[in-house]
Amino acid sequence: MDSGEIGVKLLKSPLSNNPPPRYNGQTKKLTGLVDYTYIYYKNSDELDAGLIRVYENPVNYGKDGVVNCLFIGGSVRQIPIADFRELLKKSLDAGGVPVSQPAGTTKPEKPAPAAPSTEAGGKK
C-alpha cells in the first residue's frame, strides 16, 4: 500500500455496505473491514489449480448462497455456498492459511463466516 500498488478501495466489495478500510502509513495497519480473504500457502509451487487463493466475504451475498473465489490457477468463479465450504476445507487441508486483517488486527483471522443457509430461512 505504501508503494501505491494497491488502493484500499480494492479491498471493499461493490456489494458491501461497509466503507473501505483505511490504511495508516506510519503503523502500516488497516482499520475497518476487508471484504476479501487471501489464503497463503507456504509452498505454492505445486498446488492444485482448483484451490482457493482469495474469496469474498460470503455475507456479501446473503440469501443468494454464493461466494466469489479466485483460484490458484487464475480463474474466478461464483461458487454455491455448499461447494465453497468443501473447497475452503480442501484449501485449508492443503496448508492454506487465511490472512485477512480486518479492523486493525495484526494476527491472521479465521475464515469469514459462511453465509446463512437458505434452508434455515435466511439471514441470522
# chains A, B, ... in the order shown; residues from 1 in each chain; ligands from 1
>>> residues_around(residues="range 74-91 of chain A", least_positions_apart="3", cutoff="9 Å", atoms="only C-alpha atoms", output="PyMOL selection string")
chain A and resi 39+49-53+58+64-71+94-97+111+114-115+117
>>> atom_distance(atom1="CA of Lys12 in chain A", atom2="CA of Glu56 in chain A")
9.4 Å
>>> select_by_dssp(residues="range 10-112 of chain A", states="strand (DSSP E)", output="PyMOL selection string")
chain A and resi 22-24+29-31+36-40+52-56+66-71+76-80+97-98
>>> atom_distance(atom1="CA of Gly25 in chain A", atom2="CA of Val99 in chain A")
19.4 Å
>>> residues_around(residues="Tyr36 in chain A", least_positions_apart="4", cutoff="8 Å", atoms="only C-alpha atoms", output="ChimeraX atom specification")
/A:11-13,54-57,100
>>> write_last_selection(atoms="N, CA and C atoms", output="CSV table (one decimal), in the first residue's frame")
chain,number,residue,atom,x,y,z
A,11,LEU,N,-10.1,-3.3,-1.6
A,11,LEU,CA,-10.3,-4.3,-0.5
A,11,LEU,C,-11.8,-4.3,-0.1
A,12,LYS,N,-12.6,-3.5,-0.8
A,12,LYS,CA,-14.0,-3.4,-0.5
A,12,LYS,C,-14.8,-3.9,-1.7
A,13,SER,N,-15.7,-4.8,-1.4
A,13,SER,CA,-16.6,-5.4,-2.4
A,13,SER,C,-17.6,-4.3,-2.9
A,54,VAL,N,-8.1,-16.5,-3.1
A,54,VAL,CA,-8.8,-15.4,-2.5
A,54,VAL,C,-10.3,-15.6,-2.6
A,55,TYR,N,-11.0,-15.3,-1.5
A,55,TYR,CA,-12.5,-15.4,-1.6
A,55,TYR,C,-13.1,-14.1,-0.9
A,56,GLU,N,-14.3,-13.8,-1.4
A,56,GLU,CA,-15.1,-12.7,-0.9
A,56,GLU,C,-15.9,-13.1,0.3
A,57,ASN,N,-16.1,-12.2,1.2
A,57,ASN,CA,-16.9,-12.5,2.4
A,57,ASN,C,-18.3,-13.0,2.0
A,100,SER,N,-6.5,-12.5,6.0
A,100,SER,CA,-7.1,-11.2,6.0
A,100,SER,C,-6.9,-10.5,7.4
